[in-house]
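Asker: Below is protein_16.cif; it holds mmCIF, N, CA and C atoms.
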data_work
#
loop_
_atom_site.group_PDB
_atom_site.id
_atom_site.type_symbol
_atom_site.label_atom_id
_atom_site.label_comp_id
_atom_site.auth_asym_id
_atom_site.auth_seq_id
_atom_site.Cartn_x
_atom_site.Cartn_y
_atom_site.Cartn_z
ATOM 1 N N MET S 45 126.362 -114.903 4.428
ATOM 2 C CA MET S 45 127.236 -114.958 5.587
ATOM 3 C C MET S 45 127.108 -116.338 6.238
ATOM 4 N N ALA S 46 128.214 -116.827 6.711
ATOM 5 C CA ALA S 46 128.201 -118.081 7.463
ATOM 6 C C ALA S 46 127.393 -117.881 8.747
ATOM 7 N N ASP S 47 127.201 -118.914 9.488
ATOM 8 C CA ASP S 47 126.412 -118.880 10.717
ATOM 9 C C ASP S 47 126.990 -117.875 11.724
ATOM 10 N N PRO S 48 126.278 -116.768 11.989
ATOM 11 C CA PRO S 48 126.805 -115.754 12.916
ATOM 12 C C PRO S 48 127.097 -116.312 14.315
ATOM 13 N N GLN S 49 126.278 -117.240 14.779
ATOM 14 C CA GLN S 49 126.499 -117.819 16.109
ATOM 15 C C GLN S 49 127.810 -118.600 16.147
ATOM 16 N N ALA S 50 128.111 -119.353 15.099
ATOM 17 C CA ALA S 50 129.354 -120.126 15.054
ATOM 18 C C ALA S 50 130.568 -119.202 14.976
ATOM 19 N N ILE S 51 130.472 -118.150 14.161
ATOM 20 C CA ILE S 51 131.577 -117.189 14.054
ATOM 21 C C ILE S 51 131.793 -116.499 15.399
ATOM 22 N N ALA S 52 130.710 -116.079 16.037
ATOM 23 C CA ALA S 52 130.807 -115.423 17.338
ATOM 24 C C ALA S 52 131.451 -116.345 18.365
ATOM 25 N N ARG S 53 131.058 -117.595 18.371
ATOM 26 C CA ARG S 53 131.625 -118.556 19.323
ATOM 27 C C ARG S 53 133.134 -118.698 19.128
ATOM 28 N N GLN S 54 133.571 -118.797 17.871
ATOM 29 C CA GLN S 54 135.006 -118.906 17.592
ATOM 30 C C GLN S 54 135.750 -117.652 18.033
ATOM 31 N N PHE S 55 135.175 -116.480 17.728
ATOM 32 C CA PHE S 55 135.805 -115.231 18.123
ATOM 33 C C PHE S 55 135.920 -115.126 19.641
ATOM 34 N N VAL S 56 134.835 -115.412 20.346
ATOM 35 C CA VAL S 56 134.826 -115.296 21.804
ATOM 36 C C VAL S 56 135.818 -116.272 22.434
ATOM 37 N N GLU S 57 135.885 -117.487 21.931
ATOM 38 C CA GLU S 57 136.859 -118.456 22.448
ATOM 39 C C GLU S 57 138.277 -117.938 22.256
ATOM 40 N N PHE S 58 138.574 -117.394 21.070
ATOM 41 C CA PHE S 58 139.907 -116.837 20.806
ATOM 42 C C PHE S 58 140.191 -115.644 21.721
ATOM 43 N N TYR S 59 139.237 -114.705 21.773
ATOM 44 C CA TYR S 59 139.441 -113.468 22.533
ATOM 45 C C TYR S 59 139.711 -113.768 24.006
ATOM 46 N N TYR S 60 138.842 -114.540 24.629
ATOM 47 C CA TYR S 60 138.998 -114.773 26.062
ATOM 48 C C TYR S 60 140.179 -115.687 26.377
ATOM 49 N N SER S 61 140.527 -116.573 25.488
ATOM 50 C CA SER S 61 141.735 -117.376 25.684
ATOM 51 C C SER S 61 142.965 -116.472 25.675
ATOM 52 N N ALA S 62 143.040 -115.562 24.705
ATOM 53 C CA ALA S 62 144.166 -114.621 24.640
ATOM 54 C C ALA S 62 144.143 -113.678 25.841
ATOM 55 N N PHE S 63 142.971 -113.193 26.220
ATOM 56 C CA PHE S 63 142.851 -112.292 27.372
ATOM 57 C C PHE S 63 143.370 -112.987 28.634
ATOM 58 N N ASP S 64 143.016 -114.236 28.813
ATOM 59 C CA ASP S 64 143.397 -114.965 30.019
ATOM 60 C C ASP S 64 144.889 -115.284 30.060
ATOM 61 N N LYS S 65 145.540 -115.356 28.890
ATOM 62 C CA LYS S 65 146.959 -115.736 28.838
ATOM 63 C C LYS S 65 147.900 -114.558 28.650
ATOM 64 N N ASP S 66 147.588 -113.663 27.697
ATOM 65 C CA ASP S 66 148.479 -112.541 27.373
ATOM 66 C C ASP S 66 147.672 -111.450 26.683
ATOM 67 N N ARG S 67 147.148 -110.513 27.469
ATOM 68 C CA ARG S 67 146.263 -109.476 26.943
ATOM 69 C C ARG S 67 146.906 -108.617 25.860
ATOM 70 N N SER S 68 148.215 -108.502 25.865
ATOM 71 C CA SER S 68 148.884 -107.668 24.853
ATOM 72 C C SER S 68 148.684 -108.236 23.445
ATOM 73 N N GLN S 69 148.361 -109.518 23.329
ATOM 74 C CA GLN S 69 148.161 -110.151 22.030
ATOM 75 C C GLN S 69 146.833 -109.773 21.373
ATOM 76 N N LEU S 70 146.006 -108.997 22.062
ATOM 77 C CA LEU S 70 144.710 -108.603 21.526
ATOM 78 C C LEU S 70 144.769 -107.335 20.671
ATOM 79 N N SER S 71 145.922 -106.709 20.581
ATOM 80 C CA SER S 71 146.007 -105.399 19.915
ATOM 81 C C SER S 71 145.551 -105.430 18.457
ATOM 82 N N SER S 72 145.761 -106.519 17.759
ATOM 83 C CA SER S 72 145.363 -106.585 16.348
ATOM 84 C C SER S 72 143.841 -106.604 16.169
ATOM 85 N N LEU S 73 143.094 -106.817 17.239
ATOM 86 C CA LEU S 73 141.638 -106.845 17.154
ATOM 87 C C LEU S 73 141.018 -105.454 17.282
ATOM 88 N N TYR S 74 141.830 -104.467 17.623
ATOM 89 C CA TYR S 74 141.340 -103.111 17.815
ATOM 90 C C TYR S 74 141.930 -102.182 16.757
ATOM 91 N N SER S 75 141.163 -101.166 16.377
ATOM 92 C CA SER S 75 141.631 -100.163 15.421
ATOM 93 C C SER S 75 141.741 -98.818 16.138
ATOM 94 N N GLY S 76 142.146 -97.812 15.397
ATOM 95 C CA GLY S 76 142.222 -96.473 15.959
ATOM 96 C C GLY S 76 140.869 -95.926 16.363
ATOM 97 N N ASP S 77 139.803 -96.443 15.777
ATOM 98 C CA ASP S 77 138.446 -95.997 16.097
ATOM 99 C C ASP S 77 137.787 -96.819 17.201
ATOM 100 N N SER S 78 138.425 -97.887 17.638
ATOM 101 C CA SER S 78 137.839 -98.752 18.669
ATOM 102 C C SER S 78 137.708 -97.996 19.985
ATOM 103 N N MET S 79 136.677 -98.353 20.747
ATOM 104 C CA MET S 79 136.424 -97.688 22.024
ATOM 105 C C MET S 79 136.141 -98.738 23.086
ATOM 106 N N LEU S 80 136.776 -98.578 24.252
ATOM 107 C CA LEU S 80 136.514 -99.412 25.419
ATOM 108 C C LEU S 80 136.014 -98.503 26.532
ATOM 109 N N THR S 81 134.886 -98.839 27.122
ATOM 110 C CA THR S 81 134.419 -98.144 28.312
ATOM 111 C C THR S 81 134.566 -99.110 29.467
ATOM 112 N N PHE S 82 135.301 -98.692 30.484
ATOM 113 C CA PHE S 82 135.589 -99.550 31.630
ATOM 114 C C PHE S 82 135.382 -98.715 32.893
ATOM 115 N N GLU S 83 134.391 -99.080 33.674
ATOM 116 C CA GLU S 83 134.086 -98.380 34.925
ATOM 117 C C GLU S 83 134.023 -96.864 34.715
ATOM 118 N N ASP S 84 133.213 -96.438 33.761
ATOM 119 C CA ASP S 84 132.952 -95.032 33.448
ATOM 120 C C ASP S 84 134.118 -94.286 32.803
ATOM 121 N N SER S 85 135.206 -94.947 32.479
ATOM 122 C CA SER S 85 136.325 -94.317 31.778
ATOM 123 C C SER S 85 136.367 -94.858 30.359
ATOM 124 N N GLN S 86 136.666 -93.965 29.398
ATOM 125 C CA GLN S 86 136.730 -94.382 28.006
ATOM 126 C C GLN S 86 138.172 -94.389 27.511
ATOM 127 N N PHE S 87 138.477 -95.389 26.698
ATOM 128 C CA PHE S 87 139.799 -95.557 26.112
ATOM 129 C C PHE S 87 139.598 -95.766 24.623
ATOM 130 N N GLN S 88 140.229 -94.911 23.811
ATOM 131 C CA GLN S 88 140.040 -95.000 22.364
ATOM 132 C C GLN S 88 141.350 -95.370 21.691
ATOM 133 N N GLY S 89 141.237 -96.285 20.726
ATOM 134 C CA GLY S 89 142.377 -96.722 19.933
ATOM 135 C C GLY S 89 143.062 -97.929 20.536
ATOM 136 N N SER S 90 143.715 -98.672 19.680
ATOM 137 C CA SER S 90 144.364 -99.925 20.063
ATOM 138 C C SER S 90 145.361 -99.740 21.210
ATOM 139 N N VAL S 91 146.223 -98.749 21.100
ATOM 140 C CA VAL S 91 147.265 -98.554 22.116
ATOM 141 C C VAL S 91 146.649 -98.261 23.476
ATOM 142 N N SER S 92 145.699 -97.343 23.530
ATOM 143 C CA SER S 92 145.065 -96.971 24.790
ATOM 144 C C SER S 92 144.309 -98.146 25.408
ATOM 145 N N ILE S 93 143.604 -98.893 24.581
ATOM 146 C CA ILE S 93 142.833 -100.036 25.074
ATOM 147 C C ILE S 93 143.759 -101.113 25.632
ATOM 148 N N ILE S 94 144.810 -101.446 24.901
ATOM 149 C CA ILE S 94 145.726 -102.495 25.367
ATOM 150 C C ILE S 94 146.452 -102.059 26.627
ATOM 151 N N GLU S 95 146.843 -100.777 26.714
ATOM 152 C CA GLU S 95 147.466 -100.285 27.941
ATOM 153 C C GLU S 95 146.539 -100.493 29.132
ATOM 154 N N LYS S 96 145.242 -100.217 28.949
ATOM 155 C CA LYS S 96 144.282 -100.414 30.032
ATOM 156 C C LYS S 96 144.156 -101.891 30.385
ATOM 157 N N LEU S 97 144.001 -102.742 29.378
ATOM 158 C CA LEU S 97 143.820 -104.170 29.639
ATOM 159 C C LEU S 97 145.048 -104.782 30.317
ATOM 160 N N VAL S 98 146.218 -104.436 29.842
ATOM 161 C CA VAL S 98 147.456 -104.976 30.415
ATOM 162 C C VAL S 98 147.669 -104.434 31.832
ATOM 163 N N GLY S 99 147.193 -103.208 32.090
ATOM 164 C CA GLY S 99 147.383 -102.584 33.388
ATOM 165 C C GLY S 99 146.346 -102.955 34.435
ATOM 166 N N LEU S 100 145.415 -103.835 34.110
ATOM 167 C CA LEU S 100 144.426 -104.256 35.101
ATOM 168 C C LEU S 100 145.133 -104.880 36.300
ATOM 169 N N PRO S 101 144.578 -104.747 37.500
ATOM 170 C CA PRO S 101 145.292 -105.137 38.712
ATOM 171 C C PRO S 101 145.446 -106.642 38.936
ATOM 172 N N PHE S 102 144.897 -107.465 38.080
ATOM 173 C CA PHE S 102 145.053 -108.910 38.243
ATOM 174 C C PHE S 102 145.929 -109.447 37.120
ATOM 175 N N GLN S 103 146.787 -110.372 37.449
ATOM 176 C CA GLN S 103 147.669 -110.967 36.453
ATOM 177 C C GLN S 103 147.061 -112.198 35.804
ATOM 178 N N LYS S 104 146.315 -112.950 36.589
ATOM 179 C CA LYS S 104 145.748 -114.190 36.086
ATOM 180 C C LYS S 104 144.238 -114.156 36.263
ATOM 181 N N VAL S 105 143.532 -114.559 35.217
ATOM 182 C CA VAL S 105 142.073 -114.581 35.269
ATOM 183 C C VAL S 105 141.580 -115.680 34.332
ATOM 184 N N VAL S 106 140.438 -116.236 34.659
ATOM 185 C CA VAL S 106 139.786 -117.206 33.790
ATOM 186 C C VAL S 106 138.348 -116.753 33.600
ATOM 187 N N HIS S 107 137.920 -116.695 32.356
ATOM 188 C CA HIS S 107 136.546 -116.325 32.041
ATOM 189 C C HIS S 107 135.685 -117.574 31.953
ATOM 190 N N SER S 108 134.550 -117.517 32.595
ATOM 191 C CA SER S 108 133.564 -118.587 32.492
ATOM 192 C C SER S 108 132.347 -118.003 31.791
ATOM 193 N N ILE S 109 132.097 -118.426 30.564
ATOM 194 C CA ILE S 109 131.017 -117.880 29.757
ATOM 195 C C ILE S 109 129.706 -118.561 30.114
ATOM 196 N N THR S 110 128.694 -117.736 30.424
ATOM 197 C CA THR S 110 127.365 -118.247 30.739
ATOM 198 C C THR S 110 126.485 -118.238 29.496
ATOM 199 N N THR S 111 126.428 -117.090 28.808
ATOM 200 C CA THR S 111 125.644 -116.991 27.582
ATOM 201 C C THR S 111 126.432 -116.268 26.511
ATOM 202 N N LEU S 112 126.107 -116.579 25.269
ATOM 203 C CA LEU S 112 126.708 -115.925 24.109
ATOM 204 C C LEU S 112 125.596 -115.766 23.073
ATOM 205 N N ASP S 113 125.273 -114.521 22.762
ATOM 206 C CA ASP S 113 124.244 -114.229 21.765
ATOM 207 C C ASP S 113 124.878 -113.463 20.617
ATOM 208 N N ALA S 114 124.521 -113.816 19.401
ATOM 209 C CA ALA S 114 125.065 -113.152 18.218
ATOM 210 C C ALA S 114 123.936 -112.721 17.295
ATOM 211 N N GLN S 115 124.066 -111.506 16.771
ATOM 212 C CA GLN S 115 123.095 -110.960 15.824
ATOM 213 C C GLN S 115 123.848 -110.500 14.583
ATOM 214 N N PRO S 116 123.396 -110.889 13.393
ATOM 215 C CA PRO S 116 124.036 -110.374 12.182
ATOM 216 C C PRO S 116 123.737 -108.886 12.016
ATOM 217 N N LEU S 117 124.711 -108.158 11.488
ATOM 218 C CA LEU S 117 124.583 -106.728 11.212
ATOM 219 C C LEU S 117 124.777 -106.484 9.720
ATOM 220 N N PRO S 118 124.399 -105.311 9.238
ATOM 221 C CA PRO S 118 124.664 -104.986 7.830
ATOM 222 C C PRO S 118 126.163 -105.049 7.527
ATOM 223 N N ASN S 119 126.489 -105.224 6.266
ATOM 224 C CA ASN S 119 127.884 -105.255 5.799
ATOM 225 C C ASN S 119 128.693 -106.383 6.429
ATOM 226 N N ASN S 120 128.054 -107.521 6.677
ATOM 227 C CA ASN S 120 128.713 -108.722 7.204
ATOM 228 C C ASN S 120 129.259 -108.569 8.616
ATOM 229 N N GLY S 121 128.705 -107.654 9.403
ATOM 230 C CA GLY S 121 129.116 -107.506 10.795
ATOM 231 C C GLY S 121 128.328 -108.436 11.694
ATOM 232 N N ILE S 122 128.809 -108.579 12.915
ATOM 233 C CA ILE S 122 128.123 -109.382 13.922
ATOM 234 C C ILE S 122 128.201 -108.646 15.246
ATOM 235 N N SER S 123 127.070 -108.512 15.914
ATOM 236 C CA SER S 123 127.022 -107.964 17.264
ATOM 237 C C SER S 123 127.022 -109.144 18.232
ATOM 238 N N ILE S 124 127.924 -109.108 19.215
ATOM 239 C CA ILE S 124 128.071 -110.228 20.148
ATOM 240 C C ILE S 124 127.857 -109.727 21.572
ATOM 241 N N LEU S 125 127.026 -110.428 22.327
ATOM 242 C CA LEU S 125 126.823 -110.136 23.746
ATOM 243 C C LEU S 125 127.183 -111.381 24.542
ATOM 244 N N VAL S 126 128.115 -111.204 25.492
ATOM 245 C CA VAL S 126 128.586 -112.324 26.304
ATOM 246 C C VAL S 126 128.330 -111.981 27.770
ATOM 247 N N THR S 127 127.803 -112.927 28.508
ATOM 248 C CA THR S 127 127.706 -112.793 29.962
ATOM 249 C C THR S 127 128.468 -113.949 30.598
ATOM 250 N N GLY S 128 128.909 -113.739 31.818
ATOM 251 C CA GLY S 128 129.640 -114.799 32.498
ATOM 252 C C GLY S 128 130.272 -114.308 33.788
ATOM 253 N N GLU S 129 131.302 -115.023 34.208
ATOM 254 C CA GLU S 129 131.985 -114.722 35.455
ATOM 255 C C GLU S 129 133.498 -114.701 35.246
ATOM 256 N N LEU S 130 134.158 -113.893 36.075
ATOM 257 C CA LEU S 130 135.605 -113.925 36.139
ATOM 258 C C LEU S 130 135.987 -114.787 37.333
ATOM 259 N N MET S 131 136.922 -115.675 37.118
ATOM 260 C CA MET S 131 137.326 -116.571 38.203
ATOM 261 C C MET S 131 138.798 -116.424 38.487
#
What's the structure tokens form of this structure?
Answerer:
Amino acid sequence: MADPQAIARQFVEFYYSAFDKDRSQLSSLYSGDSMLTFEDSQFQGSVSIIEKLVGLPFQKVVHSITTLDAQPLPNNGISILVTGELM
């Protein structure tokens, strides 16, 4: 596997750039089995997750990343943990 930290960095840059500009463009990153937990509510599947993200009460947001940690997983997966601020 290529460098998990470099792959994670590229993914996070793409994800948060798309989130900050047009959250509906993130749908291809989620599958029917994907799960989002947001303030104690769970949303399963691409459609449900995107509906939640698009329906958030703010129209414009900028993510400021403080830390990004990546761990390789079996079967070429990567676990990514990001901390930061919404501005």
Asker: Please indicate the distance in Å from atom C of Ser75 (chain S) to atom N of Gly89 (chain S), rounded to one decimal place.
Answerer: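 One can read the atom C of Ser75 (chain S) to atom N of Gly89 (chain S) distance as 5.3 Å.
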Asker: Output as AutoDock Vina command-line options the centre and edge lengths (Å, one decimal) of the box along x, y and z of the file that holds every listed atom of region 101-120 of chain S after adding 4 Å on each side.
Answerer:
--center_x 135.4 --center_y -111.7 --center_z 22.4 --size_x 32.6 --size_y 21.8 --size_z 41.1
Asker: Ranking S:Gln86, S:His107, S:Leu70, S:Ala50 by minimum distance to Met131 (chain S) and counting only N, CA and C atoms, which one comes first?
Answerer: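 For Met131 (chain S), the nearest of the candidates is S:His107.
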Asker: Which of these, S:Glu57, S:Asp47, S:Asp64, S:Asp84, has the shortest distance to Leu97 (chain S) once you count only C-alpha atoms?
Answerer: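 Between S:Glu57, S:Asp47, S:Asp64, S:Asp84, the residue approaching Leu97 (chain S) most closely is S:Asp64.
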Asker: Skipping near chain neighbours, those fewer than 5 positions away, what residues fall within 10 Å of Arg67 (chain S) using only C-alpha atoms, listed as a list in words?
Answerer: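 Listing them by chain and then by number gives Tyr59, Tyr60, Ser61, Ala62, Ile94, Glu95, Lys96, Leu97, Val98, Gly99, Leu100 and Gln103 of chain S.
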